[in-house]
Every structure is written in structure tokens, then in C-alpha cells.
>>> print(open('run.txt').read())   # compact mmCIF, N, CA and C atoms
# COMPACT_ATOMS: atom_id res chain seq x y z
N MET P 1243 8.45 -19.79 21.04
CA MET P 1243 8.99 -18.47 21.29
C MET P 1243 7.84 -17.48 21.46
N SER P 1244 7.95 -16.59 22.40
CA SER P 1244 6.86 -15.66 22.72
C SER P 1244 7.16 -14.28 22.13
N ARG P 1245 7.32 -14.21 20.83
CA ARG P 1245 7.68 -12.95 20.17
C ARG P 1245 6.45 -12.07 19.92
N PHE P 1246 6.70 -10.77 19.71
CA PHE P 1246 5.67 -9.85 19.26
C PHE P 1246 5.27 -10.27 17.85
N ARG P 1247 3.95 -10.33 17.61
CA ARG P 1247 3.45 -10.75 16.30
C ARG P 1247 2.44 -9.75 15.77
N TYR P 1248 2.58 -9.46 14.48
CA TYR P 1248 1.63 -8.60 13.79
C TYR P 1248 1.19 -9.35 12.53
N TYR P 1249 -0.12 -9.54 12.36
CA TYR P 1249 -0.64 -10.26 11.20
C TYR P 1249 -1.23 -9.29 10.19
N LEU P 1250 -0.85 -9.48 8.93
CA LEU P 1250 -1.24 -8.62 7.83
C LEU P 1250 -1.56 -9.49 6.62
N ARG P 1251 -2.67 -9.22 5.95
CA ARG P 1251 -3.02 -9.95 4.72
C ARG P 1251 -2.52 -9.16 3.53
N THR P 1252 -1.83 -9.83 2.62
CA THR P 1252 -1.35 -9.15 1.42
C THR P 1252 -2.54 -8.84 0.51
N ARG P 1253 -2.46 -7.71 -0.19
CA ARG P 1253 -3.56 -7.26 -1.03
C ARG P 1253 -3.15 -7.29 -2.51
N TYR P 1254 -4.13 -7.32 -3.34
CA TYR P 1254 -3.93 -7.43 -4.78
C TYR P 1254 -3.00 -6.35 -5.33
N ASN P 1255 -3.21 -5.10 -4.92
CA ASN P 1255 -2.40 -4.01 -5.45
C ASN P 1255 -0.95 -4.01 -4.97
N GLU P 1256 -0.62 -4.90 -4.04
CA GLU P 1256 0.75 -5.01 -3.53
C GLU P 1256 1.56 -6.06 -4.28
N CYS P 1257 0.94 -6.67 -5.29
CA CYS P 1257 1.55 -7.80 -5.99
C CYS P 1257 1.77 -7.49 -7.46
N ASP P 1258 2.66 -8.27 -8.08
CA ASP P 1258 2.90 -8.14 -9.51
C ASP P 1258 1.95 -9.06 -10.28
N ALA P 1259 2.16 -9.18 -11.59
CA ALA P 1259 1.25 -9.97 -12.43
C ALA P 1259 1.26 -11.45 -12.07
N GLN P 1260 2.33 -11.93 -11.44
CA GLN P 1260 2.40 -13.33 -11.01
C GLN P 1260 1.84 -13.51 -9.60
N LYS P 1261 1.26 -12.44 -9.06
CA LYS P 1261 0.67 -12.43 -7.72
C LYS P 1261 1.71 -12.64 -6.61
N VAL P 1262 2.93 -12.15 -6.85
CA VAL P 1262 4.00 -12.16 -5.87
C VAL P 1262 4.11 -10.74 -5.31
N VAL P 1263 4.27 -10.62 -3.99
CA VAL P 1263 4.37 -9.31 -3.35
C VAL P 1263 5.62 -8.59 -3.88
N PHE P 1264 5.44 -7.33 -4.33
CA PHE P 1264 6.55 -6.51 -4.79
C PHE P 1264 7.57 -6.37 -3.67
N ASN P 1265 8.86 -6.39 -4.02
CA ASN P 1265 9.91 -6.29 -3.00
C ASN P 1265 9.83 -4.99 -2.21
N SER P 1266 9.41 -3.90 -2.84
CA SER P 1266 9.35 -2.61 -2.13
C SER P 1266 8.29 -2.59 -1.03
N ARG P 1267 7.32 -3.46 -1.10
CA ARG P 1267 6.25 -3.48 -0.09
C ARG P 1267 6.77 -3.89 1.28
N TYR P 1268 7.88 -4.64 1.32
CA TYR P 1268 8.39 -5.08 2.62
C TYR P 1268 8.85 -3.91 3.48
N GLY P 1269 9.33 -2.83 2.85
CA GLY P 1269 9.67 -1.63 3.60
C GLY P 1269 8.43 -1.02 4.23
N GLU P 1270 7.33 -0.99 3.47
CA GLU P 1270 6.07 -0.48 4.00
C GLU P 1270 5.55 -1.38 5.12
N TYR P 1271 5.57 -2.68 4.90
CA TYR P 1271 5.11 -3.62 5.93
C TYR P 1271 5.95 -3.46 7.21
N THR P 1272 7.27 -3.28 7.04
CA THR P 1272 8.15 -3.11 8.19
C THR P 1272 7.79 -1.85 8.96
N ASP P 1273 7.48 -0.78 8.24
CA ASP P 1273 7.10 0.48 8.88
C ASP P 1273 5.80 0.31 9.68
N VAL P 1274 4.81 -0.34 9.11
CA VAL P 1274 3.55 -0.57 9.81
C VAL P 1274 3.77 -1.45 11.04
N ALA P 1275 4.56 -2.50 10.88
CA ALA P 1275 4.82 -3.41 12.01
C ALA P 1275 5.58 -2.69 13.13
N ALA P 1276 6.52 -1.81 12.77
CA ALA P 1276 7.26 -1.04 13.78
C ALA P 1276 6.31 -0.12 14.54
N ALA P 1277 5.37 0.50 13.84
CA ALA P 1277 4.39 1.36 14.50
C ALA P 1277 3.54 0.55 15.48
N GLU P 1278 3.14 -0.64 15.08
CA GLU P 1278 2.36 -1.50 15.98
C GLU P 1278 3.19 -1.97 17.16
N PHE P 1279 4.48 -2.20 16.92
CA PHE P 1279 5.40 -2.58 18.00
C PHE P 1279 5.46 -1.45 19.03
N PHE P 1280 5.61 -0.21 18.57
CA PHE P 1280 5.66 0.92 19.51
C PHE P 1280 4.34 1.10 20.23
N ARG P 1281 3.24 0.85 19.55
CA ARG P 1281 1.93 0.90 20.21
C ARG P 1281 1.90 -0.15 21.32
N ALA P 1282 2.40 -1.35 21.04
CA ALA P 1282 2.42 -2.42 22.04
C ALA P 1282 3.35 -2.09 23.20
N LEU P 1283 4.36 -1.27 22.95
CA LEU P 1283 5.26 -0.84 24.02
C LEU P 1283 4.65 0.25 24.89
N GLY P 1284 3.48 0.76 24.48
CA GLY P 1284 2.80 1.79 25.26
C GLY P 1284 3.01 3.20 24.76
N TYR P 1285 3.43 3.35 23.51
CA TYR P 1285 3.74 4.67 22.97
C TYR P 1285 2.72 5.18 21.96
N GLU P 1286 1.48 4.73 22.04
CA GLU P 1286 0.46 5.16 21.08
C GLU P 1286 0.24 6.67 21.12
N LYS P 1287 0.05 7.23 22.30
CA LYS P 1287 -0.20 8.67 22.43
C LYS P 1287 0.98 9.48 21.90
N GLU P 1288 2.19 9.08 22.27
CA GLU P 1288 3.38 9.81 21.85
C GLU P 1288 3.58 9.75 20.34
N MET P 1289 3.15 8.67 19.72
CA MET P 1289 3.24 8.57 18.26
C MET P 1289 2.20 9.48 17.61
N GLN P 1290 1.01 9.54 18.19
CA GLN P 1290 -0.04 10.39 17.64
C GLN P 1290 0.30 11.86 17.75
N THR P 1291 0.89 12.27 18.86
CA THR P 1291 1.21 13.68 19.08
C THR P 1291 2.54 14.08 18.45
N GLY P 1292 3.35 13.10 18.08
CA GLY P 1292 4.67 13.39 17.53
C GLY P 1292 5.76 13.50 18.58
N GLU P 1293 5.41 13.31 19.85
CA GLU P 1293 6.42 13.39 20.91
C GLU P 1293 7.49 12.31 20.75
N LEU P 1294 7.11 11.15 20.24
CA LEU P 1294 8.09 10.12 19.91
C LEU P 1294 8.39 10.27 18.43
N ASP P 1295 9.62 10.63 18.13
CA ASP P 1295 9.99 10.83 16.73
C ASP P 1295 11.33 10.18 16.48
N TYR P 1296 11.42 9.50 15.38
CA TYR P 1296 12.66 8.84 14.98
C TYR P 1296 12.70 8.80 13.47
N GLN P 1297 13.90 8.71 12.94
CA GLN P 1297 14.08 8.69 11.50
C GLN P 1297 14.87 7.46 11.09
N LEU P 1298 14.46 6.87 10.00
CA LEU P 1298 15.15 5.71 9.45
C LEU P 1298 16.46 6.19 8.82
N VAL P 1299 17.57 5.52 9.16
CA VAL P 1299 18.86 5.88 8.56
C VAL P 1299 19.46 4.74 7.74
N LYS P 1300 19.00 3.51 7.99
CA LYS P 1300 19.53 2.38 7.23
C LYS P 1300 18.54 1.23 7.32
N GLN P 1301 18.31 0.57 6.18
CA GLN P 1301 17.44 -0.60 6.19
C GLN P 1301 18.02 -1.65 5.25
N THR P 1302 18.18 -2.84 5.78
CA THR P 1302 18.73 -3.95 5.01
C THR P 1302 17.69 -5.06 4.96
N THR P 1303 17.40 -5.52 3.75
CA THR P 1303 16.38 -6.56 3.56
C THR P 1303 17.03 -7.77 2.91
N GLU P 1304 16.71 -8.95 3.44
CA GLU P 1304 17.17 -10.22 2.88
C GLU P 1304 15.94 -11.06 2.56
N TRP P 1305 15.75 -11.33 1.26
CA TRP P 1305 14.62 -12.14 0.81
C TRP P 1305 15.05 -13.59 0.68
N ARG P 1306 14.24 -14.50 1.20
CA ARG P 1306 14.53 -15.93 1.10
C ARG P 1306 13.46 -16.67 0.30
N ALA P 1307 12.23 -16.18 0.35
CA ALA P 1307 11.11 -16.82 -0.36
C ALA P 1307 10.02 -15.76 -0.54
N PRO P 1308 9.19 -15.92 -1.56
CA PRO P 1308 8.16 -14.91 -1.82
C PRO P 1308 6.92 -15.10 -0.95
N ALA P 1309 6.20 -14.00 -0.83
CA ALA P 1309 4.83 -14.05 -0.31
C ALA P 1309 3.94 -13.74 -1.51
N ARG P 1310 2.73 -14.26 -1.48
CA ARG P 1310 1.83 -14.12 -2.63
C ARG P 1310 0.52 -13.46 -2.22
N TYR P 1311 -0.24 -13.11 -3.23
CA TYR P 1311 -1.52 -12.45 -3.04
C TYR P 1311 -2.41 -13.23 -2.06
N ASP P 1312 -3.01 -12.52 -1.14
CA ASP P 1312 -3.99 -12.99 -0.17
C ASP P 1312 -3.40 -13.89 0.91
N GLN P 1313 -2.09 -14.02 0.97
CA GLN P 1313 -1.50 -14.76 2.09
C GLN P 1313 -1.46 -13.85 3.31
N VAL P 1314 -1.53 -14.47 4.47
CA VAL P 1314 -1.39 -13.72 5.71
C VAL P 1314 0.07 -13.82 6.15
N LEU P 1315 0.66 -12.66 6.41
CA LEU P 1315 2.02 -12.62 6.90
C LEU P 1315 2.03 -12.45 8.41
N GLU P 1316 2.87 -13.20 9.07
CA GLU P 1316 3.15 -12.99 10.48
C GLU P 1316 4.46 -12.22 10.54
N ILE P 1317 4.41 -11.03 11.08
CA ILE P 1317 5.58 -10.15 11.13
C ILE P 1317 5.98 -9.99 12.59
N SER P 1318 7.21 -10.35 12.90
CA SER P 1318 7.72 -10.24 14.26
C SER P 1318 8.72 -9.10 14.33
N VAL P 1319 8.66 -8.32 15.39
CA VAL P 1319 9.58 -7.20 15.57
C VAL P 1319 10.23 -7.34 16.94
N SER P 1320 11.54 -7.12 16.98
CA SER P 1320 12.27 -7.13 18.24
C SER P 1320 13.41 -6.13 18.16
N THR P 1321 13.90 -5.73 19.31
CA THR P 1321 15.02 -4.80 19.37
C THR P 1321 16.31 -5.58 19.14
N ARG P 1322 17.11 -5.12 18.21
CA ARG P 1322 18.39 -5.76 17.89
C ARG P 1322 19.54 -5.06 18.59
N HIS P 1323 19.49 -3.71 18.67
CA HIS P 1323 20.61 -2.96 19.24
C HIS P 1323 20.11 -1.62 19.77
N LEU P 1324 20.72 -1.17 20.86
CA LEU P 1324 20.44 0.15 21.41
C LEU P 1324 21.74 0.92 21.52
N GLY P 1325 21.78 2.10 20.91
CA GLY P 1325 22.93 2.99 21.02
C GLY P 1325 22.57 4.19 21.88
N THR P 1326 23.35 5.24 21.77
CA THR P 1326 23.08 6.45 22.54
C THR P 1326 21.87 7.19 21.97
N THR P 1327 21.87 7.38 20.65
CA THR P 1327 20.75 8.07 19.99
C THR P 1327 20.02 7.17 19.00
N SER P 1328 20.59 6.02 18.72
CA SER P 1328 20.01 5.13 17.70
C SER P 1328 19.55 3.82 18.29
N PHE P 1329 18.71 3.14 17.51
CA PHE P 1329 18.29 1.79 17.87
C PHE P 1329 18.02 1.03 16.58
N ALA P 1330 18.18 -0.27 16.65
CA ALA P 1330 17.94 -1.13 15.49
C ALA P 1330 16.85 -2.13 15.84
N LEU P 1331 15.91 -2.29 14.91
CA LEU P 1331 14.85 -3.28 15.06
C LEU P 1331 15.04 -4.38 14.03
N ALA P 1332 14.84 -5.61 14.47
CA ALA P 1332 14.86 -6.77 13.59
C ALA P 1332 13.42 -7.15 13.29
N THR P 1333 13.12 -7.33 12.02
CA THR P 1333 11.78 -7.71 11.59
C THR P 1333 11.87 -9.00 10.80
N GLU P 1334 11.10 -9.98 11.21
CA GLU P 1334 11.06 -11.28 10.51
C GLU P 1334 9.67 -11.48 9.93
N PHE P 1335 9.64 -11.95 8.69
CA PHE P 1335 8.38 -12.24 8.00
C PHE P 1335 8.24 -13.73 7.83
N ARG P 1336 7.06 -14.24 8.16
CA ARG P 1336 6.71 -15.63 7.95
C ARG P 1336 5.34 -15.68 7.29
N ILE P 1337 5.06 -16.73 6.56
CA ILE P 1337 3.69 -17.00 6.15
C ILE P 1337 3.01 -17.50 7.42
N ALA P 1338 1.86 -16.95 7.74
CA ALA P 1338 1.17 -17.32 8.98
C ALA P 1338 1.01 -18.83 9.06
N GLY P 1339 1.31 -19.37 10.22
CA GLY P 1339 1.20 -20.81 10.45
C GLY P 1339 2.47 -21.57 10.13
N GLU P 1340 3.47 -20.90 9.55
CA GLU P 1340 4.75 -21.55 9.23
C GLU P 1340 5.85 -20.95 10.10
N GLU P 1341 6.84 -21.74 10.40
CA GLU P 1341 7.96 -21.26 11.22
C GLU P 1341 9.09 -20.69 10.37
N ARG P 1342 9.15 -21.06 9.12
CA ARG P 1342 10.22 -20.63 8.21
C ARG P 1342 10.16 -19.11 7.98
N VAL P 1343 11.28 -18.44 8.16
CA VAL P 1343 11.37 -17.00 7.90
C VAL P 1343 11.59 -16.82 6.40
N ILE P 1344 10.73 -15.97 5.78
CA ILE P 1344 10.87 -15.74 4.33
C ILE P 1344 11.59 -14.44 4.02
N VAL P 1345 11.55 -13.48 4.95
CA VAL P 1345 12.24 -12.20 4.76
C VAL P 1345 12.73 -11.71 6.11
N ASN P 1346 13.96 -11.21 6.13
CA ASN P 1346 14.53 -10.54 7.30
C ASN P 1346 14.80 -9.09 6.94
N VAL P 1347 14.44 -8.19 7.85
CA VAL P 1347 14.74 -6.77 7.66
C VAL P 1347 15.37 -6.26 8.94
N GLU P 1348 16.49 -5.56 8.80
CA GLU P 1348 17.07 -4.85 9.94
C GLU P 1348 17.00 -3.37 9.62
N THR P 1349 16.42 -2.61 10.54
CA THR P 1349 16.25 -1.18 10.34
C THR P 1349 16.92 -0.43 11.48
N VAL P 1350 17.76 0.54 11.12
CA VAL P 1350 18.41 1.41 12.10
C VAL P 1350 17.69 2.75 12.07
N TYR P 1351 17.28 3.19 13.25
CA TYR P 1351 16.59 4.46 13.41
C TYR P 1351 17.42 5.37 14.32
N VAL P 1352 17.26 6.67 14.16
CA VAL P 1352 17.85 7.65 15.07
C VAL P 1352 16.71 8.40 15.74
N HIS P 1353 16.76 8.45 17.06
CA HIS P 1353 15.77 9.20 17.83
C HIS P 1353 16.05 10.69 17.64
N VAL P 1354 15.01 11.47 17.34
CA VAL P 1354 15.19 12.91 17.12
C VAL P 1354 14.22 13.69 17.99
N ASP P 1355 14.62 14.91 18.30
CA ASP P 1355 13.73 15.84 19.00
C ASP P 1355 12.60 16.20 18.05
N HIS P 1356 11.37 16.11 18.49
CA HIS P 1356 10.25 16.30 17.58
C HIS P 1356 10.05 17.76 17.16
N HIS P 1357 10.73 18.69 17.79
CA HIS P 1357 10.63 20.10 17.37
C HIS P 1357 11.74 20.47 16.39
N THR P 1358 12.97 20.07 16.73
CA THR P 1358 14.13 20.49 15.93
C THR P 1358 14.56 19.46 14.89
N LEU P 1359 14.10 18.22 15.06
CA LEU P 1359 14.51 17.08 14.22
C LEU P 1359 16.01 16.78 14.32
N GLN P 1360 16.64 17.27 15.38
CA GLN P 1360 18.04 16.96 15.64
C GLN P 1360 18.10 15.68 16.47
N LYS P 1361 19.11 14.86 16.22
CA LYS P 1361 19.20 13.61 16.99
C LYS P 1361 19.35 13.93 18.46
N SER P 1362 18.76 13.05 19.26
CA SER P 1362 18.81 13.24 20.71
C SER P 1362 18.90 11.87 21.37
N PRO P 1363 19.47 11.84 22.57
CA PRO P 1363 19.64 10.56 23.27
C PRO P 1363 18.29 9.87 23.51
N LEU P 1364 18.32 8.56 23.52
CA LEU P 1364 17.11 7.78 23.83
C LEU P 1364 16.72 8.06 25.28
N PRO P 1365 15.50 8.51 25.52
CA PRO P 1365 15.07 8.72 26.91
C PRO P 1365 15.07 7.39 27.67
N GLY P 1366 15.32 7.47 28.97
CA GLY P 1366 15.37 6.27 29.79
C GLY P 1366 14.16 5.36 29.66
N PRO P 1367 12.93 5.90 29.73
CA PRO P 1367 11.75 5.04 29.61
C PRO P 1367 11.64 4.36 28.24
N LEU P 1368 12.02 5.06 27.18
CA LEU P 1368 12.00 4.46 25.83
C LEU P 1368 13.04 3.35 25.74
N ARG P 1369 14.23 3.61 26.25
CA ARG P 1369 15.29 2.59 26.26
C ARG P 1369 14.82 1.35 27.01
N ALA P 1370 14.21 1.55 28.16
CA ALA P 1370 13.72 0.42 28.96
C ALA P 1370 12.64 -0.35 28.21
N ALA P 1371 11.74 0.37 27.55
CA ALA P 1371 10.67 -0.30 26.79
C ALA P 1371 11.25 -1.10 25.64
N LEU P 1372 12.23 -0.54 24.93
CA LEU P 1372 12.86 -1.27 23.82
C LEU P 1372 13.62 -2.49 24.33
N GLU P 1373 14.27 -2.37 25.48
CA GLU P 1373 14.96 -3.52 26.08
C GLU P 1373 13.97 -4.60 26.47
N ARG P 1374 12.84 -4.20 27.04
CA ARG P 1374 11.82 -5.15 27.49
C ARG P 1374 11.14 -5.84 26.31
N GLY P 1375 10.86 -5.07 25.25
CA GLY P 1375 10.17 -5.62 24.09
C GLY P 1375 8.69 -5.80 24.36
N ALA P 1376 8.04 -6.48 23.43
CA ALA P 1376 6.58 -6.68 23.53
C ALA P 1376 6.24 -8.15 23.33
N GLU P 1377 6.94 -9.02 24.05
CA GLU P 1377 6.68 -10.44 23.94
C GLU P 1377 5.24 -10.75 24.32
N ASN P 1378 4.71 -11.76 23.69
CA ASN P 1378 3.34 -12.23 23.94
C ASN P 1378 2.26 -11.24 23.51
N VAL P 1379 2.62 -10.21 22.75
CA VAL P 1379 1.62 -9.27 22.23
C VAL P 1379 1.37 -9.64 20.77
N THR P 1380 0.10 -9.74 20.41
CA THR P 1380 -0.29 -10.06 19.04
C THR P 1380 -1.30 -9.03 18.56
N ILE P 1381 -1.04 -8.47 17.39
CA ILE P 1381 -1.96 -7.56 16.72
C ILE P 1381 -2.37 -8.27 15.44
N ASP P 1382 -3.66 -8.45 15.23
CA ASP P 1382 -4.14 -9.26 14.11
C ASP P 1382 -5.07 -8.44 13.21
N HIS P 1383 -4.48 -7.69 12.29
CA HIS P 1383 -5.28 -6.92 11.33
C HIS P 1383 -5.81 -7.78 10.18
N ALA P 1384 -5.38 -9.01 10.11
CA ALA P 1384 -5.82 -9.92 9.05
C ALA P 1384 -7.00 -10.80 9.48
N ALA P 1385 -7.37 -10.74 10.74
CA ALA P 1385 -8.40 -11.62 11.31
C ALA P 1385 -8.01 -13.08 11.13
N TYR P 1386 -6.72 -13.34 11.15
CA TYR P 1386 -6.19 -14.69 10.98
C TYR P 1386 -6.52 -15.58 12.18
N LEU P 1387 -6.46 -15.02 13.35
CA LEU P 1387 -6.67 -15.81 14.57
C LEU P 1387 -8.13 -15.88 14.99
N ALA P 1388 -8.99 -15.15 14.30
CA ALA P 1388 -10.41 -15.11 14.67
C ALA P 1388 -11.11 -16.42 14.43
>>> encode(input="run.txt", output="C-alpha cells")
Amino acid sequence: MSRFRYYLRTRYNECDAQKVVFNSRYGEYTDVAAAEFFRALGYEKEMQTGELDYQLVKQTTEWRAPARYDQVLEISVSTRHLGTTSFALATEFRIAGEERVIVNVETVYVHVDHHTLQKSPLPGPLRAALERGAENVTIDHAAYLA
């Protein structure tokens, strides 16, 4: 499968005394992976200037297995649903090098006007980019593939 991939190494402060990643960290990891996904879609400038703005309205996480200290996570992001003003991203977590999904996260966002913060329709180019996705793009902040 040619999915968008983001590699992240878990850090000591993200884990509990048993060296298992705290459950709350997956929300943070999902947020970072979504930002990298938008960068891969070509929206880096718009994210920096605030022209692309969206707000999280719902996030559902399903844990299947733990990640531990110093493991590299492969995080995949894809578009699950497109509405008029909202979109949903599916995020899958794997231990790098394994195919088994250890955590699934579905996040629903609402696109908002960056001045008024009122919801606004997804612009055509953004909708097209989300439909296209970022297959075959890999961001490796863990130096896993080096």
C-alpha cells in the first residue's frame, strides 16, 4: 500500500514508569501527523500564515496494543470523509517495520475562516487535495529510514 507515512520516535517523557506511551500522547501524535499530512498536500505556507484553519470537533481513539519508549512509530494519515464544512482524517499507528495497526484514531475537523473562526465551506483546492491524499509521501523525523 502506498500510504502517507510519518515516522516518529517515542521519547522518555511521553511514557509511564513501565515505559509505555501514555494514552493522551496519541492525540498529540495525531495532531503532528495531520500537520505533516497538510504539509505534504502543499499547504505549508497556508498553515504558517493561518490562512488554512480548522478546528477539531471530535476524536475517537481505539487502542489495540501499546507502544513503548524509544520505539519508532509509523503513522499513516488519510482522508476518511469530506462534508460541506467538515472533513475526517483516519490515522493509523504501527510500530515501524510491522504491518499490524496498534492504534486507530478518527478525527473530525471543521474548516473555519481564519479571521472570524466561523465555519466555512471547504475551498475547492483544499477539497481536491484531501481527495487526492499524499500517497507515496514519507516524512521521517525519527531517522528510521536513514
>>> atom_distance(input="run.txt", atom1="atom C of Thr1349 in chain P", atom2="atom C of Ala1275 in chain P")
11.7 Å
>>> atom_distance(input="run.txt", atom1="atom C of Pro1363 in chain P", atom2="atom C of Thr1380 in chain P")
27.7 Å
>>> atom_distance(input="run.txt", atom1="CA of Asp1355 in chain P", atom2="atom N of Ala1370 in chain P")
17.0 Å
>>> residues_around(input="run.txt", residues="Thr1358 in chain P", least_positions_apart="5", cutoff="12 Å", atoms="only C-alpha atoms", output="PDB file with N, CA and C atoms, in the frame of the given file")
ATOM      1  N   GLY P1292       3.350  13.100  18.080  1.00  0.00           N
ATOM      2  CA  GLY P1292       4.670  13.390  17.530  1.00  0.00           C
ATOM      3  C   GLY P1292       5.760  13.500  18.580  1.00  0.00           C
ATOM      4  N   GLU P1293       5.410  13.310  19.850  1.00  0.00           N
ATOM      5  CA  GLU P1293       6.420  13.390  20.910  1.00  0.00           C
ATOM      6  C   GLU P1293       7.490  12.310  20.750  1.00  0.00           C
ATOM      7  N   ASP P1295       9.620  10.630  18.130  1.00  0.00           N
ATOM      8  CA  ASP P1295       9.990  10.830  16.730  1.00  0.00           C
ATOM      9  C   ASP P1295      11.330  10.180  16.480  1.00  0.00           C
ATOM     10  N   TYR P1296      11.420   9.500  15.380  1.00  0.00           N
ATOM     11  CA  TYR P1296      12.660   8.840  14.980  1.00  0.00           C
ATOM     12  C   TYR P1296      12.700   8.800  13.470  1.00  0.00           C
ATOM     13  N   HIS P1353      16.760   8.450  17.060  1.00  0.00           N
ATOM     14  CA  HIS P1353      15.770   9.200  17.830  1.00  0.00           C
ATOM     15  C   HIS P1353      16.050  10.690  17.640  1.00  0.00           C
TER      16      HIS P1353
END
>>> closest_residue(input="run.txt", among="P:Val1319, P:Ile1337, P:Leu1324, P:Leu1298", to="Val1354 in chain P", atoms="only C-alpha atoms")
P:Leu1298
>>> select_by_dssp(input="run.txt", residues="range 1280-1367 of chain P", states="alpha helix (DSSP H)", output="PyMOL selection string")
chain P and resi 1280-1282+1286-1291+1366-1367
>>> residues_near_point(input="run.txt", point="(6.9, -3.0, 14.6)", cutoff="8 Å", atoms="only N, CA and C atoms", output="list in words")
Tyr1248, Tyr1271, Thr1272, Asp1273, Val1274, Ala1275, Ala1276, Ala1277, Glu1278, Phe1279, Phe1280, Arg1281, Ile1317, Ser1318, Val1319, Ser1320, Leu1331, Ala1332 and Thr1333 of chain P
>>> write_last_selection(input="run.txt", atoms="N, CA and C atoms", output="short mmCIF file (atom, residue, chain, number, x, y, z; two decimals), keeping the file's coordinate frame")
data_model
loop_
_atom_site.label_atom_id
_atom_site.label_comp_id
_atom_site.auth_asym_id
_atom_site.auth_seq_id
_atom_site.Cartn_x
_atom_site.Cartn_y
_atom_site.Cartn_z
N TYR P 1248 2.58 -9.46 14.48
CA TYR P 1248 1.63 -8.60 13.79
C TYR P 1248 1.19 -9.35 12.53
N TYR P 1271 5.57 -2.68 4.90
CA TYR P 1271 5.11 -3.62 5.93
C TYR P 1271 5.95 -3.46 7.21
N THR P 1272 7.27 -3.28 7.04
CA THR P 1272 8.15 -3.11 8.19
C THR P 1272 7.79 -1.85 8.96
N ASP P 1273 7.48 -0.78 8.24
CA ASP P 1273 7.10 0.48 8.88
C ASP P 1273 5.80 0.31 9.68
N VAL P 1274 4.81 -0.34 9.11
CA VAL P 1274 3.55 -0.57 9.81
C VAL P 1274 3.77 -1.45 11.04
N ALA P 1275 4.56 -2.50 10.88
CA ALA P 1275 4.82 -3.41 12.01
C ALA P 1275 5.58 -2.69 13.13
N ALA P 1276 6.52 -1.81 12.77
CA ALA P 1276 7.26 -1.04 13.78
C ALA P 1276 6.31 -0.12 14.54
N ALA P 1277 5.37 0.50 13.84
CA ALA P 1277 4.39 1.36 14.50
C ALA P 1277 3.54 0.55 15.48
N GLU P 1278 3.14 -0.64 15.08
CA GLU P 1278 2.36 -1.50 15.98
C GLU P 1278 3.19 -1.97 17.16
N PHE P 1279 4.48 -2.20 16.92
CA PHE P 1279 5.40 -2.58 18.00
C PHE P 1279 5.46 -1.45 19.03
N PHE P 1280 5.61 -0.21 18.57
CA PHE P 1280 5.66 0.92 19.51
C PHE P 1280 4.34 1.10 20.23
N ARG P 1281 3.24 0.85 19.55
CA ARG P 1281 1.93 0.90 20.21
C ARG P 1281 1.90 -0.15 21.32
N ILE P 1317 4.41 -11.03 11.08
CA ILE P 1317 5.58 -10.15 11.13
C ILE P 1317 5.98 -9.99 12.59
N SER P 1318 7.21 -10.35 12.90
CA SER P 1318 7.72 -10.24 14.26
C SER P 1318 8.72 -9.10 14.33
N VAL P 1319 8.66 -8.32 15.39
CA VAL P 1319 9.58 -7.20 15.57
C VAL P 1319 10.23 -7.34 16.94
N SER P 1320 11.54 -7.12 16.98
CA SER P 1320 12.27 -7.13 18.24
C SER P 1320 13.41 -6.13 18.16
N LEU P 1331 15.91 -2.29 14.91
CA LEU P 1331 14.85 -3.28 15.06
C LEU P 1331 15.04 -4.38 14.03
N ALA P 1332 14.84 -5.61 14.47
CA ALA P 1332 14.86 -6.77 13.59
C ALA P 1332 13.42 -7.15 13.29
N THR P 1333 13.12 -7.33 12.02
CA THR P 1333 11.78 -7.71 11.59
C THR P 1333 11.87 -9.00 10.80
#
>>> select_by_dssp(input="run.txt", residues="range 1274-1354 of chain P", states="strand (DSSP E or B)", output="number ranges by chain")
P: 1296-1305, 1310, 1314-1324, 1328-1337, 1343-1354
>>> closest_residue(input="run.txt", among="P:Phe1335, P:Arg1374, P:Leu1368, P:Tyr1311", to="Asn1255 in chain P", atoms="only N, CA and C atoms")
P:Tyr1311
>>> decode(input="run.txt", residues="range 1339-1350 of chain P", atoms="N, CA and C atoms", output="short mmCIF file (atom, residue, chain, number, x, y, z; two decimals), in the first residue's frame")
data_model
loop_
_atom_site.label_atom_id
_atom_site.label_comp_id
_atom_site.auth_asym_id
_atom_site.auth_seq_id
_atom_site.Cartn_x
_atom_site.Cartn_y
_atom_site.Cartn_z
N GLY P 1339 8.15 -0.98 10.71
CA GLY P 1339 8.58 -2.28 10.24
C GLY P 1339 7.53 -3.37 10.41
N GLU P 1340 6.44 -3.06 11.10
CA GLU P 1340 5.36 -4.04 11.30
C GLU P 1340 4.11 -3.57 10.56
N GLU P 1341 3.31 -4.51 10.12
CA GLU P 1341 2.08 -4.17 9.40
C GLU P 1341 0.89 -4.04 10.35
N ARG P 1342 0.97 -4.62 11.51
CA ARG P 1342 -0.14 -4.62 12.48
C ARG P 1342 -0.41 -3.20 12.97
N VAL P 1343 -1.67 -2.78 12.92
CA VAL P 1343 -2.08 -1.48 13.44
C VAL P 1343 -2.27 -1.61 14.94
N ILE P 1344 -1.60 -0.71 15.71
CA ILE P 1344 -1.72 -0.78 17.17
C ILE P 1344 -2.71 0.25 17.71
N VAL P 1345 -2.94 1.33 16.97
CA VAL P 1345 -3.89 2.36 17.39
C VAL P 1345 -4.54 2.96 16.15
N ASN P 1346 -5.86 3.14 16.22
CA ASN P 1346 -6.61 3.85 15.18
C ASN P 1346 -7.19 5.11 15.79
N VAL P 1347 -7.09 6.22 15.06
CA VAL P 1347 -7.70 7.47 15.51
C VAL P 1347 -8.49 8.04 14.34
N GLU P 1348 -9.73 8.42 14.61
CA GLU P 1348 -10.51 9.15 13.61
C GLU P 1348 -10.77 10.53 14.19
N THR P 1349 -10.43 11.55 13.41
CA THR P 1349 -10.58 12.93 13.86
C THR P 1349 -11.46 13.68 12.88
N VAL P 1350 -12.48 14.35 13.41
CA VAL P 1350 -13.35 15.20 12.60
C VAL P 1350 -12.96 16.65 12.87
#
